[in-house]
Structures are given as C-alpha cells and as structure tokens.
>>> print(open('query17.txt').read())   # compact mmCIF, C-alpha atoms
# COMPACT_ATOMS: atom_id res chain seq x y z
CA MET A 902 156.48 37.39 55.28
CA SER A 903 157.31 33.75 54.68
CA ARG A 904 158.65 33.20 51.18
CA ILE A 905 157.04 29.77 51.01
CA GLY A 906 153.84 30.77 52.83
CA LYS A 907 152.96 33.70 50.58
CA MET A 908 153.11 31.64 47.36
CA PRO A 909 149.67 30.52 46.17
CA VAL A 910 148.90 26.82 45.72
CA PRO A 911 147.44 26.16 42.24
CA VAL A 912 144.41 23.85 42.24
CA PRO A 913 144.24 21.64 39.11
CA LYS A 914 141.02 20.52 37.44
CA GLY A 915 139.28 17.65 39.19
CA VAL A 916 140.47 18.71 42.65
CA ASP A 917 138.06 20.22 45.18
CA VAL A 918 139.48 22.32 48.04
CA ARG A 919 137.19 23.39 50.89
CA VAL A 920 137.81 25.04 54.24
CA ASP A 921 135.63 23.84 57.13
CA ALA A 922 135.81 23.41 60.91
CA GLU A 923 138.30 20.50 60.67
CA GLY A 924 140.68 22.40 58.39
CA VAL A 925 141.52 22.40 54.70
CA ARG A 926 139.85 19.45 52.95
CA VAL A 927 141.37 18.45 49.60
CA LYS A 928 139.47 15.90 47.50
CA GLY A 929 140.63 14.43 44.21
CA PRO A 930 140.78 11.27 42.13
CA LYS A 931 143.19 9.47 44.50
CA GLY A 932 141.35 10.25 47.74
CA GLU A 933 140.66 12.92 50.33
CA LEU A 934 143.12 14.56 52.75
CA VAL A 935 142.55 17.01 55.60
CA SER A 936 145.09 19.49 57.02
CA ALA A 937 144.30 21.27 60.28
CA VAL A 938 144.59 25.07 60.26
CA PRO A 939 146.57 26.44 63.24
CA ALA A 940 145.34 29.51 65.12
CA GLY A 941 146.41 32.80 63.55
CA LEU A 942 146.24 31.59 59.95
CA THR A 943 143.43 31.99 57.44
CA VAL A 944 142.93 30.02 54.24
CA ALA A 945 141.15 31.47 51.21
CA VAL A 946 140.19 29.50 48.09
CA ALA A 947 139.49 31.66 45.05
CA GLY A 948 140.27 31.74 41.34
CA GLY A 949 141.66 28.21 41.17
CA GLU A 950 144.27 28.75 43.86
CA VAL A 951 144.66 28.57 47.63
CA ARG A 952 146.20 31.46 49.56
CA ILE A 953 147.30 31.34 53.20
CA THR A 954 147.65 34.55 55.21
CA ARG A 955 148.63 35.14 58.81
CA GLU A 956 147.05 37.56 61.24
CA ASN A 957 150.17 38.54 63.21
CA ASP A 958 153.96 38.19 63.26
CA GLU A 959 154.34 36.05 66.38
CA PRO A 960 157.09 33.44 66.00
CA SER A 961 154.69 30.50 66.40
CA THR A 962 152.37 31.88 63.70
CA ARG A 963 155.27 32.61 61.38
CA ALA A 964 156.57 29.07 61.86
CA CYS A 965 153.22 27.56 60.85
CA HIS A 966 152.70 29.82 57.83
CA GLY A 967 155.07 28.06 55.41
CA LEU A 968 154.28 24.69 56.97
CA LEU A 969 150.55 24.93 56.25
CA ARG A 970 151.20 26.04 52.68
CA SER A 971 153.50 23.04 52.14
CA LEU A 972 150.96 20.66 53.69
CA VAL A 973 148.19 21.96 51.41
CA ALA A 974 150.47 21.79 48.34
CA ASN A 975 151.43 18.20 49.23
CA ALA A 976 147.76 17.30 49.71
CA VAL A 977 146.89 18.72 46.27
CA GLU A 978 149.77 16.82 44.67
CA GLY A 979 148.90 13.65 46.59
CA VAL A 980 145.26 13.50 45.48
CA THR A 981 146.25 14.10 41.84
CA LYS A 982 149.52 12.18 41.29
CA GLY A 983 150.23 10.41 44.59
CA PHE A 984 153.60 9.79 46.23
CA THR A 985 156.01 6.89 45.85
CA ARG A 986 159.02 5.62 47.79
CA GLU A 987 161.11 2.76 46.43
CA LEU A 988 163.20 0.46 48.59
CA GLU A 989 165.72 -2.22 47.64
CA ILE A 990 166.33 -5.48 49.49
CA SER A 991 169.85 -6.87 49.15
CA GLY A 992 171.30 -9.94 50.83
CA VAL A 993 171.38 -13.67 50.29
CA GLY A 994 167.97 -15.12 51.12
CA TYR A 995 166.43 -11.72 51.92
CA LYS A 996 162.97 -11.46 50.39
CA ALA A 997 159.50 -10.00 50.81
CA GLU A 998 156.01 -10.93 49.68
CA VAL A 999 152.62 -9.28 50.06
CA LYS A 1000 149.96 -11.38 51.82
CA GLY A 1001 146.64 -9.57 52.13
CA ARG A 1002 147.10 -6.33 54.07
CA SER A 1003 150.60 -7.20 55.29
CA VAL A 1004 154.08 -7.84 53.94
CA LEU A 1005 155.98 -10.94 55.04
CA PHE A 1006 159.76 -10.35 55.22
CA SER A 1007 162.55 -12.89 55.45
CA LEU A 1008 165.59 -10.85 56.48
CA GLY A 1009 168.09 -13.29 57.95
CA TYR A 1010 166.56 -13.43 61.41
CA SER A 1011 165.43 -16.71 62.99
CA HIS A 1012 161.81 -15.79 62.26
CA PRO A 1013 159.85 -14.10 59.45
CA ILE A 1014 158.63 -10.54 60.07
CA ASP A 1015 154.98 -9.68 59.39
CA PHE A 1016 154.65 -5.94 58.63
CA PRO A 1017 151.02 -4.66 58.55
CA ILE A 1018 150.38 -2.19 55.73
CA PRO A 1019 148.90 1.08 57.10
CA ALA A 1020 145.56 2.37 55.80
CA GLY A 1021 145.89 4.64 52.77
CA VAL A 1022 149.18 3.07 51.70
CA ALA A 1023 149.83 0.35 49.10
CA VAL A 1024 152.93 -1.83 48.89
CA ALA A 1025 154.03 -3.67 45.74
CA VAL A 1026 156.90 -6.16 45.70
CA ASP A 1027 159.04 -7.10 42.70
CA ALA A 1028 160.66 -10.28 44.04
CA LYS A 1029 163.03 -10.79 41.11
CA ALA A 1030 164.61 -7.34 41.38
CA GLY A 1031 164.35 -7.16 45.18
CA ARG A 1032 162.36 -3.92 45.05
CA LEU A 1033 159.50 -2.66 47.19
CA THR A 1034 157.32 0.24 46.09
CA VAL A 1035 155.33 2.12 48.72
CA THR A 1036 152.61 4.37 47.24
CA GLY A 1037 149.78 6.52 48.55
CA ALA A 1038 148.15 9.94 48.52
CA ASP A 1039 149.44 11.12 51.93
CA ARG A 1040 153.12 12.01 51.73
CA GLN A 1041 153.65 11.63 55.49
CA LYS A 1042 152.12 8.14 55.62
CA VAL A 1043 154.11 6.95 52.61
CA GLY A 1044 157.39 8.23 54.07
CA GLN A 1045 156.63 6.83 57.53
CA ALA A 1046 155.75 3.38 56.16
CA ALA A 1047 158.93 3.33 54.05
CA ALA A 1048 161.03 4.36 57.08
CA GLU A 1049 159.49 1.63 59.25
CA ILE A 1050 160.15 -0.99 56.55
CA ARG A 1051 163.77 0.19 56.24
CA LYS A 1052 164.16 -0.01 60.02
CA LEU A 1053 163.39 -3.77 59.95
CA ARG A 1054 166.92 -4.41 58.62
CA VAL A 1055 169.07 -1.28 58.34
CA PRO A 1056 171.77 -1.61 55.65
CA ASP A 1057 175.09 -2.91 56.95
CA PRO A 1058 178.05 -0.70 55.88
CA TYR A 1059 180.44 -3.69 55.77
CA LYS A 1060 178.51 -6.07 53.50
CA VAL A 1061 175.77 -3.68 52.24
CA LYS A 1062 173.04 -6.16 53.22
CA GLY A 1063 169.61 -4.97 54.33
CA ILE A 1064 166.81 -2.70 53.16
CA LYS A 1065 167.74 0.69 51.71
CA TYR A 1066 166.03 3.45 49.77
CA ALA A 1067 166.52 3.14 46.01
CA ASN A 1068 168.34 6.49 45.79
CA GLU A 1069 170.35 5.98 49.00
CA VAL A 1070 174.12 5.54 48.77
CA ILE A 1071 175.69 3.33 51.43
CA ARG A 1072 179.36 4.06 52.01
CA ARG A 1073 181.25 0.79 52.29
CA LYS A 1074 183.59 0.33 55.24
CA VAL A 1075 186.64 -1.91 55.19
CA GLY A 1076 186.70 -4.77 57.66
CA LYS A 1077 189.46 -5.65 60.05
CA ALA A 1078 192.97 -5.42 58.65
CA GLY A 1079 193.83 -8.85 60.06
CA GLY A 1080 196.92 -9.99 61.93
CA LYS A 1081 200.47 -9.60 60.61
>>> encode(input="query17.txt", output="structure tokens")
Amino acid sequence: MSRIGKMPVPVPKGVDVRVDAEGVRVKGPKGELVSAVPAGLTVAVAGGEVRITRENDEPSTRACHGLLRSLVANAVEGVTKGFTRELEISGVGYKAEVKGRSVLFSLGYSHPIDFPIPAGVAVAVDAKAGRLTVTGADRQKVGQAAAEIRKLRVPDPYKVKGIKYANEVIRRKVGKAGGK
C-alpha cells in the first residue's frame, strides 16, 4: 500500500469536494479545481476527509495511487490558501511591469518581451525590489508560469544577472584567469 496514497486528505470548512464523471471536483473560496481519476482508483468523501483506494496492485495503479492523493491535497490547499512563487530580477536595466493580462520585461535584449499571464494565475511586480510574485490556486499552473518567466533570462553564473527564484542559490563561477 502506498504510504502517501493511504493517508486521508482533511477537508476544511468552506471547501466542497465532489466526485463526478470528470473526476474529483474541489471548490473553495479561491476557485474550483478538477483532478481526473485514473482507472483502478476509487475516491470516497466522508466524515470531512477524502480517501483514495485502489482496486488492484498493478504497477500502473500503484503509481497513480499516491499521485492522485497528492493532487487532491494540493487542490484542497490551493482553493483555501493558494500557492505562491517568488522570483527576483537582477541586472542593470532589467525590469518588469504588468500591463493588463501580460507582463512586459526588459532583460537586456534588443527588444522588450511581452509575457502573457495564463488564466488562473496572477502576477504582481515590485519594481523597486526587483521581485515578481506569481500566485494562483492551481499549483501546477503557478509553477509552470514561474518556470517560463525564469526561462526568459536564466541567471548567469559569472555575473549573477537574470531571473531567479527567490530561494534559489546561484553558485558564482570565476572568469578567465587572464594572461601572464
């Protein structure tokens, strides 16, 4: 039995969890998320908690057991608290600003970069500190949006310029030793 999969997911007050043909539907104050239920797994909602059981011990079913439990737990946490990823922009002249449903980046290229903000995700920019905050209810969408923003200008290990996660540590490299 999966150690993660057999743990129940507690459902806090104000969150509604239903199982229908599309999958597990979690609705709360920050939105609604749906997780598909793979074949061989059953979801039961009772007594303020969600339990996931599997019908057999096939490797594919066992692999999805803990995954579905984690997806449901993340959905419950997302509709109550939400998820946040913080990024830092460092470099002379590097900046970002939100314009409507997109973020306009100036990252040292010959042109500005217009990044469209995905649905269900919000981006806030603190221009003075050079910080971007990506928030939303869906953990996967928040992480994907943050990764795509980081990919616009990956941090340089020589000068530590670019976009990095707030908790990321970039190991500095020394440049050329020079001629003797």
>>> closest_residue(input="query17.txt", among="A:Gly983, A:Gly949, A:Gly967, A:Pro1017", to="A:Thr1036", atoms="all atoms listed in the file")
A:Gly983
>>> residues_around(input="query17.txt", residues="A:Gly915", least_positions_apart="2", cutoff="7 Å", atoms="all atoms listed in the file", output="list in words")
Pro913, Asp917 and Gly929 of chain A
>>> residues_around(input="query17.txt", residues="A:Gly1063", least_positions_apart="2", cutoff="10 Å", atoms="all atoms listed in the file", output="count of residues only")
19
>>> atom_distance(input="query17.txt", atom1="atom CA of A:Val918", atom2="atom CA of A:Asn957")
24.6 Å
>>> closest_residue(input="query17.txt", among="A:His1012, A:Arg955, A:Arg970, A:Arg1032", to="A:Ser936", atoms="only C-alpha atoms")
A:Arg970
>>> atom_distance(input="query17.txt", atom1="atom CA of A:Arg986", atom2="atom CA of A:Val1024")
9.7 Å
>>> residues_near_point(input="query17.txt", point="(145.0, 11.8, 47.2)", cutoff="9 Å", atoms="only C-alpha atoms", output="list of chain:residue names")
A:Val927, A:Lys928, A:Gly929, A:Pro930, A:Lys931, A:Gly932, A:Glu933, A:Leu934, A:Ala976, A:Val977, A:Glu978, A:Gly979, A:Val980, A:Thr981, A:Lys982, A:Gly983, A:Phe984, A:Gly1037, A:Ala1038, A:Asp1039
>>> closest_residue(input="query17.txt", among="A:Tyr1059, A:Lys1042, A:Lys1074, A:Val916", to="A:Ala974", atoms="all atoms listed in the file")
A:Val916
>>> closest_residue(input="query17.txt", among="A:Leu1033, A:Leu969, A:Ile1071, A:Val920", to="A:Gly941", atoms="only C-alpha atoms")
A:Leu969
>>> residues_around(input="query17.txt", residues="A:Ala1023", least_positions_apart="5", cutoff="9 Å", atoms="only C-alpha atoms", output="PyMOL selection string")
chain A and resi 1002+1018+1034-1037+1043
>>> atom_distance(input="query17.txt", atom1="atom CA of A:Glu923", atom2="atom CA of A:Ala937")
6.1 Å
>>> closest_residue(input="query17.txt", among="A:Ala922, A:Ile905, A:Val1070, A:Ile1050", to="A:Ala964", atoms="only C-alpha atoms")
A:Ile905
>>> closest_residue(input="query17.txt", among="A:Gly924, A:Pro909, A:Val973, A:Tyr1010", to="A:Glu950", atoms="all atoms listed in the file")
A:Pro909
